[in-house]
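Here's coords.cif, which has mmCIF, C-alpha atoms and all ligand atoms:
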```
data_target
loop_
_atom_site.group_PDB
_atom_site.id
_atom_site.type_symbol
_atom_site.label_atom_id
_atom_site.label_comp_id
_atom_site.auth_asym_id
_atom_site.auth_seq_id
_atom_site.Cartn_x
_atom_site.Cartn_y
_atom_site.Cartn_z
ATOM 1 C CA MET A 14 0.000 0.000 0.000
ATOM 2 C CA SER A 15 0.973 3.640 -0.399
ATOM 3 C CA PHE A 16 1.477 6.459 2.089
ATOM 4 C CA LEU A 17 0.788 9.568 0.047
ATOM 5 C CA SER A 18 -1.118 12.079 2.138
ATOM 6 C CA ILE A 19 -2.249 12.500 5.739
ATOM 7 C CA LYS A 20 -5.742 13.092 4.298
ATOM 8 C CA ASP A 21 -5.929 9.390 3.338
ATOM 9 C CA PHE A 22 -5.698 8.184 6.956
ATOM 10 C CA SER A 23 -8.124 8.328 9.868
ATOM 11 C CA LYS A 24 -7.339 9.792 13.257
ATOM 12 C CA GLU A 25 -7.213 6.232 14.649
ATOM 13 C CA GLU A 26 -4.739 5.091 11.982
ATOM 14 C CA ILE A 27 -2.506 8.096 12.687
ATOM 15 C CA LEU A 28 -2.603 7.472 16.430
ATOM 16 C CA PHE A 29 -1.744 3.805 15.829
ATOM 17 C CA LEU A 30 1.352 4.874 13.855
ATOM 18 C CA VAL A 31 2.369 7.388 16.552
ATOM 19 C CA LYS A 32 2.123 4.731 19.275
ATOM 20 C CA ARG A 33 3.824 2.084 17.140
ATOM 21 C CA ALA A 34 6.728 4.457 16.419
ATOM 22 C CA LEU A 35 7.114 5.064 20.158
ATOM 23 C CA GLU A 36 7.176 1.281 20.799
ATOM 24 C CA LEU A 37 9.895 0.964 18.153
ATOM 25 C CA LYS A 38 11.779 3.827 19.818
ATOM 26 C CA LYS A 39 11.658 1.892 23.089
ATOM 27 C CA GLY A 40 13.260 -1.088 21.331
ATOM 28 C CA ALA A 41 10.399 -3.198 19.944
ATOM 29 C CA HIS A 42 11.776 -5.458 17.236
ATOM 30 C CA THR A 43 10.491 -5.494 13.696
ATOM 31 C CA GLN A 44 11.676 -7.298 10.604
ATOM 32 C CA VAL A 45 10.178 -6.739 7.173
ATOM 33 C CA GLU A 46 10.753 -8.752 4.012
ATOM 34 C CA GLY A 47 10.829 -6.183 1.285
ATOM 35 C CA LYS A 48 12.732 -4.293 -1.341
ATOM 36 C CA VAL A 49 12.546 -0.504 -1.424
ATOM 37 C CA ALA A 50 14.017 1.983 -3.898
ATOM 38 C CA ASN A 51 14.740 5.470 -2.559
ATOM 39 C CA ILE A 52 14.229 8.017 -5.345
ATOM 40 C CA PHE A 53 14.922 11.593 -4.262
ATOM 41 C CA ILE A 54 14.543 13.956 -7.194
ATOM 42 C CA GLU A 55 14.727 16.932 -4.802
ATOM 43 C CA PRO A 56 17.563 17.247 -2.247
ATOM 44 C CA SER A 57 17.199 15.807 1.252
ATOM 45 C CA THR A 58 19.332 15.083 4.287
ATOM 46 C CA ARG A 59 16.918 14.098 7.081
ATOM 47 C CA THR A 60 14.144 12.367 5.143
ATOM 48 C CA LEU A 61 16.405 10.288 2.905
ATOM 49 C CA THR A 62 18.880 9.311 5.610
ATOM 50 C CA SER A 63 16.220 8.459 8.181
ATOM 51 C CA PHE A 64 14.424 6.238 5.656
ATOM 52 C CA GLN A 65 17.761 4.532 4.968
ATOM 53 C CA VAL A 66 18.470 4.067 8.695
ATOM 54 C CA ALA A 67 14.924 2.739 9.204
ATOM 55 C CA GLN A 68 15.269 0.320 6.283
ATOM 56 C CA ASP A 69 18.621 -0.964 7.580
ATOM 57 C CA LYS A 70 17.211 -1.489 11.090
ATOM 58 C CA MET A 71 14.290 -3.484 9.654
ATOM 59 C CA GLY A 72 16.332 -5.700 7.338
ATOM 60 C CA ILE A 73 14.709 -4.191 4.256
ATOM 61 C CA LYS A 74 16.803 -4.390 1.094
ATOM 62 C CA ARG A 75 17.261 -0.849 -0.136
ATOM 63 C CA TYR A 76 18.313 0.523 -3.480
ATOM 64 C CA ASP A 77 19.278 4.191 -3.544
ATOM 65 C CA LEU A 78 18.844 5.663 -6.978
ATOM 66 C CA HIS A 79 21.522 8.279 -7.604
ATOM 67 C CA VAL A 80 19.323 10.654 -9.503
ATOM 68 C CA GLU A 81 22.191 12.797 -10.825
ATOM 69 C CA ASN A 82 23.735 9.713 -12.490
ATOM 70 C CA SER A 83 20.501 8.021 -13.477
ATOM 71 C CA SER A 84 18.634 7.836 -16.753
ATOM 72 C CA PHE A 85 16.445 10.716 -15.552
ATOM 73 C CA LYS A 86 19.306 12.739 -16.986
ATOM 74 C CA LYS A 87 18.565 11.180 -20.394
ATOM 75 C CA GLY A 88 14.921 12.163 -20.137
ATOM 76 C CA GLU A 89 13.427 8.934 -18.754
ATOM 77 C CA THR A 90 10.156 9.641 -16.980
ATOM 78 C CA LEU A 91 9.457 8.794 -13.350
ATOM 79 C CA GLU A 92 6.801 6.273 -14.355
ATOM 80 C CA ASP A 93 9.148 4.512 -16.805
ATOM 81 C CA THR A 94 11.731 4.406 -14.014
ATOM 82 C CA LEU A 95 9.236 2.755 -11.639
ATOM 83 C CA ILE A 96 8.121 0.245 -14.298
ATOM 84 C CA ASN A 97 11.750 -0.777 -14.873
ATOM 85 C CA LEU A 98 12.596 -1.049 -11.153
ATOM 86 C CA LYS A 99 9.430 -3.088 -10.625
ATOM 87 C CA ALA A 100 10.563 -5.460 -13.381
ATOM 88 C CA MET A 101 13.684 -6.069 -11.248
ATOM 89 C CA GLY A 102 11.477 -7.119 -8.313
ATOM 90 C CA ILE A 103 11.467 -3.835 -6.378
ATOM 91 C CA ASN A 104 7.912 -3.206 -5.200
ATOM 92 C CA ASN A 105 8.128 -0.209 -2.875
ATOM 93 C CA PHE A 106 9.314 3.296 -3.613
ATOM 94 C CA VAL A 107 10.155 6.192 -1.333
ATOM 95 C CA ILE A 108 9.926 9.235 -3.579
ATOM 96 C CA ARG A 109 10.547 12.946 -3.180
ATOM 97 C CA ASN A 110 9.478 14.996 -6.159
ATOM 98 C CA LYS A 111 9.045 18.654 -7.026
ATOM 99 C CA GLU A 112 5.705 18.047 -8.753
ATOM 100 C CA GLU A 113 2.564 17.948 -6.646
ATOM 101 C CA SER A 114 0.410 14.792 -6.748
ATOM 102 C CA TYR A 115 2.470 13.435 -9.688
ATOM 103 C CA TRP A 116 1.113 9.910 -9.027
ATOM 104 C CA LYS A 117 -2.333 10.964 -10.257
ATOM 105 C CA ASP A 118 -1.011 10.904 -13.836
ATOM 106 C CA PHE A 119 0.459 7.387 -13.598
ATOM 107 C CA LYS A 120 -1.031 4.678 -15.812
ATOM 108 C CA TYR A 121 -0.331 1.911 -13.277
ATOM 109 C CA SER A 122 -0.375 1.873 -9.489
ATOM 110 C CA TYR A 123 2.717 1.550 -7.298
ATOM 111 C CA ASN A 124 3.433 1.330 -3.582
ATOM 112 C CA ILE A 125 4.695 4.851 -2.987
ATOM 113 C CA ILE A 126 5.795 6.339 0.309
ATOM 114 C CA ASN A 127 5.733 10.078 -0.144
ATOM 115 C CA GLY A 128 8.985 11.727 0.941
ATOM 116 C CA GLY A 129 7.548 15.119 -0.045
ATOM 117 C CA ASP A 130 5.737 16.331 -3.168
ATOM 118 C CA GLY A 131 5.779 19.971 -4.202
ATOM 119 C CA THR A 132 4.370 22.311 -1.585
ATOM 120 C CA LYS A 133 1.416 20.202 -0.475
ATOM 121 C CA ASN A 134 2.395 16.937 1.252
ATOM 122 C CA HIS A 135 5.134 15.728 3.546
ATOM 123 C CA PRO A 136 3.205 13.084 5.485
ATOM 124 C CA SER A 137 6.154 11.313 7.110
ATOM 125 C CA GLN A 138 7.336 14.694 8.476
ATOM 126 C CA ALA A 139 3.858 15.364 9.881
ATOM 127 C CA LEU A 140 3.935 11.961 11.556
ATOM 128 C CA LEU A 141 7.337 12.541 13.173
ATOM 129 C CA ASP A 142 6.177 15.975 14.317
ATOM 130 C CA ALA A 143 3.059 14.389 15.820
ATOM 131 C CA ILE A 144 5.220 11.823 17.629
ATOM 132 C CA THR A 145 7.360 14.633 19.057
ATOM 133 C CA ILE A 146 4.297 16.569 20.223
ATOM 134 C CA TYR A 147 2.642 13.431 21.644
ATOM 135 C CA GLU A 148 5.813 12.510 23.556
ATOM 136 C CA HIS A 149 5.823 15.925 25.225
ATOM 137 C CA PHE A 150 2.105 16.504 25.890
ATOM 138 C CA GLY A 151 0.804 12.899 26.008
ATOM 139 C CA THR A 152 -1.904 13.908 23.525
ATOM 140 C CA LEU A 153 -2.506 15.467 20.120
ATOM 141 C CA GLU A 154 -5.956 16.705 21.125
ATOM 142 C CA LYS A 155 -6.961 20.341 21.510
ATOM 143 C CA LEU A 156 -3.502 21.858 21.417
ATOM 144 C CA LYS A 157 -2.794 25.315 20.017
ATOM 145 C CA VAL A 158 -0.103 25.215 17.361
ATOM 146 C CA LEU A 159 1.425 28.131 15.487
ATOM 147 C CA PHE A 160 3.316 27.777 12.184
ATOM 148 C CA VAL A 161 5.631 30.694 11.489
ATOM 149 C CA GLY A 162 7.175 31.899 8.248
ATOM 150 C CA ASP A 163 6.953 30.744 4.665
ATOM 151 C CA VAL A 164 3.609 28.996 5.178
ATOM 152 C CA ASN A 165 2.305 29.065 1.638
ATOM 153 C CA TYR A 166 5.198 27.073 0.161
ATOM 154 C CA SER A 167 5.530 24.680 3.081
ATOM 155 C CA ARG A 168 4.475 21.067 2.557
ATOM 156 C CA VAL A 169 5.394 20.542 6.218
ATOM 157 C CA TYR A 170 2.711 23.054 7.229
ATOM 158 C CA HIS A 171 0.053 21.595 4.937
ATOM 159 C CA SER A 172 0.536 18.004 6.144
ATOM 160 C CA ASN A 173 0.779 19.058 9.803
ATOM 161 C CA LYS A 174 -2.458 21.055 9.501
ATOM 162 C CA ASP A 175 -4.197 18.015 7.963
ATOM 163 C CA LEU A 176 -2.985 15.878 10.859
ATOM 164 C CA LEU A 177 -3.508 18.211 13.813
ATOM 165 C CA GLU A 178 -7.023 19.213 12.773
ATOM 166 C CA LYS A 179 -8.051 15.535 12.899
ATOM 167 C CA PHE A 180 -7.400 15.840 16.650
ATOM 168 C CA ASP A 181 -9.285 19.130 17.091
ATOM 169 C CA SER A 182 -6.057 20.986 17.654
ATOM 170 C CA ILE A 183 -6.135 24.631 16.609
ATOM 171 C CA VAL A 184 -3.664 25.519 13.887
ATOM 172 C CA HIS A 185 -2.768 29.165 13.309
ATOM 173 C CA THR A 186 -0.208 30.723 10.996
ATOM 174 C CA LEU A 187 2.013 33.744 11.125
ATOM 175 C CA ASP A 188 2.628 34.072 7.406
ATOM 176 C CA SER A 189 5.734 36.040 6.493
ATOM 177 C CA GLU A 190 4.140 36.992 3.165
ATOM 178 C CA LYS A 191 0.899 38.347 4.601
ATOM 179 C CA GLU A 192 0.585 39.218 8.264
ATOM 180 C CA ARG A 193 3.200 41.853 8.792
ATOM 181 C CA ARG A 194 1.206 43.529 11.584
ATOM 182 C CA VAL A 195 1.656 40.779 14.197
ATOM 183 C CA LYS A 196 5.120 39.962 15.466
ATOM 184 C CA LEU A 197 5.937 36.494 16.793
ATOM 185 C CA GLU A 198 6.968 38.095 20.079
ATOM 186 C CA ASP A 199 3.447 39.479 20.521
ATOM 187 C CA CYS A 200 1.549 36.218 20.049
ATOM 188 C CA ALA A 201 3.993 33.544 21.292
ATOM 189 C CA HIS A 202 2.281 33.377 24.714
ATOM 190 C CA MET A 203 -0.870 31.854 23.167
ATOM 191 C CA TYR A 204 0.578 28.577 21.880
ATOM 192 C CA ASP A 205 1.576 25.125 23.109
ATOM 193 C CA VAL A 206 3.748 24.476 20.075
ATOM 194 C CA ILE A 207 5.527 26.938 17.800
ATOM 195 C CA VAL A 208 6.794 25.436 14.543
ATOM 196 C CA MET A 209 9.316 27.567 12.707
ATOM 197 C CA LEU A 210 9.413 27.038 8.932
ATOM 198 C CA ARG A 211 12.271 27.366 6.510
ATOM 199 C CA ILE A 212 12.165 30.179 3.943
ATOM 200 C CA GLN A 213 11.846 28.182 0.715
ATOM 201 C CA HIS A 214 14.012 30.426 -1.442
ATOM 202 C CA GLU A 215 14.132 27.832 -4.223
ATOM 203 C CA ARG A 216 10.333 28.003 -4.698
ATOM 204 C CA HIS A 217 10.009 31.790 -4.842
ATOM 205 C CA ALA A 218 9.551 33.370 -8.250
ATOM 206 C CA LYS A 219 10.965 36.653 -6.846
ATOM 207 C CA LYS A 220 13.878 36.794 -4.395
ATOM 208 C CA MET A 221 12.485 37.355 -0.916
ATOM 209 C CA ASP A 222 13.765 40.342 1.039
ATOM 210 C CA ILE A 223 14.859 38.872 4.389
ATOM 211 C CA ARG A 224 15.847 42.181 5.995
ATOM 212 C CA GLY A 225 13.807 42.497 9.169
ATOM 213 C CA TYR A 226 12.551 38.897 8.926
ATOM 214 C CA ASN A 227 14.298 37.834 12.136
ATOM 215 C CA LYS A 228 12.872 40.792 14.064
ATOM 216 C CA GLU A 229 9.282 40.006 13.100
ATOM 217 C CA PHE A 230 9.233 36.259 12.588
ATOM 218 C CA GLY A 231 12.452 34.936 14.113
ATOM 219 C CA LEU A 232 12.641 32.850 17.286
ATOM 220 C CA ASN A 233 14.894 34.581 19.790
ATOM 221 C CA ASP A 234 15.261 34.971 23.564
ATOM 222 C CA ASN A 235 12.437 37.548 23.724
ATOM 223 C CA VAL A 236 10.028 35.145 22.062
ATOM 224 C CA VAL A 237 11.052 32.163 24.167
ATOM 225 C CA GLN A 238 10.592 34.152 27.374
ATOM 226 C CA LYS A 239 6.991 34.881 26.389
ATOM 227 C CA MET A 240 6.119 31.250 25.621
ATOM 228 C CA LYS A 241 3.982 29.224 28.061
ATOM 229 C CA SER A 242 6.054 27.366 30.635
ATOM 230 C CA ASN A 243 5.249 23.952 29.104
ATOM 231 C CA ALA A 244 5.363 25.094 25.474
ATOM 232 C CA ILE A 245 7.882 23.778 22.946
ATOM 233 C CA PHE A 246 9.332 24.933 19.639
ATOM 234 C CA MET A 247 10.201 22.874 16.604
ATOM 235 C CA HIS A 248 11.661 23.248 13.096
ATOM 236 C CA PRO A 249 11.568 20.554 10.402
ATOM 237 C CA GLY A 250 15.007 21.511 9.084
ATOM 238 C CA PRO A 251 17.051 22.449 7.243
ATOM 239 C CA LEU A 252 17.091 25.825 8.969
ATOM 240 C CA ASN A 253 18.517 29.223 8.133
ATOM 241 C CA ARG A 254 20.562 30.097 11.230
ATOM 242 C CA ASN A 255 19.910 33.510 12.784
ATOM 243 C CA ILE A 256 17.051 34.148 10.373
ATOM 244 C CA GLU A 257 14.358 31.711 11.511
ATOM 245 C CA ILE A 258 16.025 30.837 14.844
ATOM 246 C CA ASP A 259 18.825 32.501 16.796
ATOM 247 C CA GLU A 260 21.731 30.098 16.880
ATOM 248 C CA LYS A 261 22.132 30.374 20.652
ATOM 249 C CA LEU A 262 18.777 28.558 20.944
ATOM 250 C CA LEU A 263 20.329 25.623 19.032
ATOM 251 C CA TYR A 264 20.274 22.820 20.086
ATOM 252 C CA ASP A 265 20.153 22.379 23.831
ATOM 253 C CA HIS A 266 17.432 24.817 24.972
ATOM 254 C CA PRO A 267 14.825 22.904 27.053
ATOM 255 C CA LYS A 268 11.973 24.031 24.766
ATOM 256 C CA ASN A 269 13.860 23.066 21.622
ATOM 257 C CA LYS A 270 12.636 19.753 20.163
ATOM 258 C CA ILE A 271 14.478 19.956 16.834
ATOM 259 C CA LEU A 272 16.864 17.056 17.377
ATOM 260 C CA GLU A 273 14.094 15.004 18.997
ATOM 261 C CA GLN A 274 12.176 15.497 15.734
ATOM 262 C CA VAL A 275 15.165 14.166 13.812
ATOM 263 C CA THR A 276 15.484 11.138 16.094
ATOM 264 C CA ASN A 277 11.744 10.479 15.870
ATOM 265 C CA GLY A 278 12.036 10.623 12.085
ATOM 266 C CA VAL A 279 13.704 7.216 12.083
ATOM 267 C CA PHE A 280 10.922 5.598 14.143
ATOM 268 C CA ALA A 281 8.136 7.363 12.238
ATOM 269 C CA ARG A 282 9.573 5.965 9.024
ATOM 270 C CA MET A 283 9.946 2.491 10.513
ATOM 271 C CA ALA A 284 6.246 2.536 11.459
ATOM 272 C CA ILE A 285 5.321 3.744 7.961
ATOM 273 C CA LEU A 286 7.489 1.097 6.254
ATOM 274 C CA GLU A 287 5.993 -1.601 8.467
ATOM 275 C CA LYS A 288 2.484 -0.489 7.497
ATOM 276 C CA THR A 289 3.147 -0.105 3.778
ATOM 277 C CA CYS A 290 5.476 -3.066 3.120
ATOM 278 C CA LYS A 291 3.384 -5.473 5.229
ATOM 279 C CA ASN A 292 0.150 -3.921 3.892
ATOM 280 C CA MET A 293 -1.168 -3.660 7.479
HETATM 281 N N1 LIG B 301 12.583 18.077 7.051
HETATM 282 C C1 LIG B 301 13.046 17.635 5.866
HETATM 283 O O1 LIG B 301 12.286 17.190 4.966
HETATM 284 O O2 LIG B 301 14.403 17.697 5.750
HETATM 285 P P1 LIG B 301 15.219 17.228 4.461
HETATM 286 O O3 LIG B 301 14.846 18.126 3.334
HETATM 287 O O4 LIG B 301 16.665 17.316 4.839
HETATM 288 O O5 LIG B 301 14.794 15.814 4.161
#
```
I need this file expressed as structure tokens, please.
Amino acid sequence: MSFLSIKDFSKEEILFLVKRALELKKGAHTQVEGKVANIFIEPSTRTLTSFQVAQDKMGIKRYDLHVENSSFKKGETLEDTLINLKAMGINNFVIRNKEESYWKDFKYSYNIINGGDGTKNHPSQALLDAITIYEHFGTLEKLKVLFVGDVNYSRVYHSNKDLLEKFDSIVHTLDSEKERRVKLEDCAHMYDVIVMLRIQHERHAKKMDIRGYNKEFGLNDNVVQKMKSNAIFMHPGPLNRNIEIDEKLLYDHPKNKILEQVTNGVFARMAILEKTCKNM
């Protein structure tokens, strides 16, 4: 089965994956017979590597397609690539692609785990974020979560919103393109979780002017001091140091969950691989 969008899964299915990932984090054993190709047409450090670590831990045979040296460079389409890899006996594909919902144009169906498509879906990131939030609060219900920055282009935001709203959590945005009247410092006290987003320079048609960004939308000491005592902050990475977050808040501030997110990424992806490869 595929794992394409948070929208395809019920609240109960999401909660099952969160709890399963936490069991795996505590050392539960899992072994999966399967072959997976990792096809990352857009760059990645965390998503790709954590899928690889997860696959190695689970005994899954993995095949990492080196896109820069592949026949994509000769114009082969993604679907022709999948058809050929399938003919070699590889049945599961972790794919990151610039195009949104590219699978809708495929002639055949494939087991695809979505490592990020365009600006709309990054479901495995939303799951690891949910695990991180659940670990801290013991629930995903009725929390107040603020996403800050380049919201419109953020697939992390869109998938997180889809997930958190299933649990009646309230999702607000402080959009760096629109809401210049409210500063992060002035609203930080309202939220349980503040998620800082990366400025997606590569997706902007016009170069964004980042002068003043840190003052209005950046996470700094002033902001952190205004946060609720039990509140946390997160960032999916990669981050722009001293623009989205002051570097002195990296990485050991008690409210900072960024590296916990990265660690949880491995277990989130193990739970997803277990579900998709075993067709659970
Ligand atoms: N959070 C995230 O998707 O990071 P990478 O782009 O490094 O995979």
- Message: Starting from the PyMOL selection byres (((chain A and resi 113-122) around 12) and not hetatm), expand the selection into actual residues of this file and give them as a ChimeraX atom specification.
- Response: /A:14-18,90-96,99,104-106,108-112,123-135,166,168
- Query: Neighbours of Thr62 of chain A within 12 Å (all atoms listed in the file; same-chain residues fewer than 4 positions away dropped), as a count of residues only?
  - Reply: 19
Can you list every residue of chain A that has an atom at most 7 Å from ligand LIG 301 (chain B), with its nearest atom pair and the distance in Å to one decimal, using all atoms listed in the file, ordered by chain then number, as CSV?
```
residue,atom,partner,partner_atom,distance
A:Pro56,CA,B:LIG301,O3,6.3
A:Ser57,CA,B:LIG301,O5,3.8
A:Thr58,CA,B:LIG301,O4,3.5
A:Arg59,CA,B:LIG301,O4,3.9
A:Thr60,CA,B:LIG301,O5,3.6
A:Leu61,CA,B:LIG301,O5,5.9
A:Gln138,CA,B:LIG301,N1,6.4
A:Pro249,CA,B:LIG301,N1,4.3
A:Gly250,CA,B:LIG301,N1,4.7
A:Pro251,CA,B:LIG301,O2,5.6
```
- Message: Between atom CA of Ser23 of chain A and atom CA of Ile103 of chain A, what distance in Å does the model show, to one decimal?
- Response: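 Between atom CA of Ser23 of chain A and atom CA of Ile103 of chain A the gap is 28.2 Å.
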- Task: Determine, counting only C-alpha atoms, which protein, DNA and RNA residues have an atom within 12 Å of an atom of Arg194 of chain A; residues of the same chain fewer than 6 positions away are not included. Present the result as a PyMOL selection string.
- Result: chain A and resi 187-188+200+229-230
- Task: Evaluate the PyMOL selection byres (((chain A and resi 246) around 8) and not hetatm) here and jot the selected residues down as a list in words.
- Result: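 This file gives the following for the PyMOL selection byres (((chain A and resi 246) around 8) and not hetatm): Val206, Ile207, Val208, Met209, Ala244, Ile245, Met247, His248, Lys268, Asn269, Lys270 and Ile271 of chain A.
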- Determine, counting all atoms listed in the file, which protein, DNA and RNA residues have an atom within 10 Å of an atom of His149 of chain A; residues of the same chain fewer than 2 positions away are not included. Present the result as a PyMOL selection string. chain A and resi 143-147+151-153+243-245+270
Those same residues, written as a CSV table (one decimal), keeping the file's coordinate frame with C-alpha atoms?
```
chain,number,residue,atom,x,y,z
A,143,ALA,CA,3.1,14.4,15.8
A,144,ILE,CA,5.2,11.8,17.6
A,145,THR,CA,7.4,14.6,19.1
A,146,ILE,CA,4.3,16.6,20.2
A,147,TYR,CA,2.6,13.4,21.6
A,151,GLY,CA,0.8,12.9,26.0
A,152,THR,CA,-1.9,13.9,23.5
A,153,LEU,CA,-2.5,15.5,20.1
A,243,ASN,CA,5.2,24.0,29.1
A,244,ALA,CA,5.4,25.1,25.5
A,245,ILE,CA,7.9,23.8,22.9
A,270,LYS,CA,12.6,19.8,20.2
```
- Message: Env of Val237 of chain A: 9 Å cut, atoms = only C-alpha atoms, seq-sep filter 3 positions within chain, self excluded. Answer as a PyMOL selection string.
- Response: chain A and resi 198+201-202+232-234+240-241+246+268
- Spatial neighbours of Leu156 of chain A, max dist 10 Å, all atoms listed in the file, sep filter under 3 positions, as an MDAnalysis selection string: chainID A and resid 146 150 152:153 159 177:178 180:184 204:206
- Task: For the file shown, report as a list in words the outcome of the PyMOL selection byres (((chain A and resi 164) around 9) and not hetatm) at residue level.
- Result: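 This file gives the following for the PyMOL selection byres (((chain A and resi 164) around 9) and not hetatm): Phe160, Val161, Gly162, Asp163, Asn165, Tyr166, Ser167, Arg168, Val169, Tyr170, His171, Thr186, Leu187, Asp188, Ser189, Glu190, Leu210, Arg211 and Ile212 of chain A.
Note that atom CA of Leu98 of chain A and atom CA of Leu78 of chain A are 10.1 Å apart.
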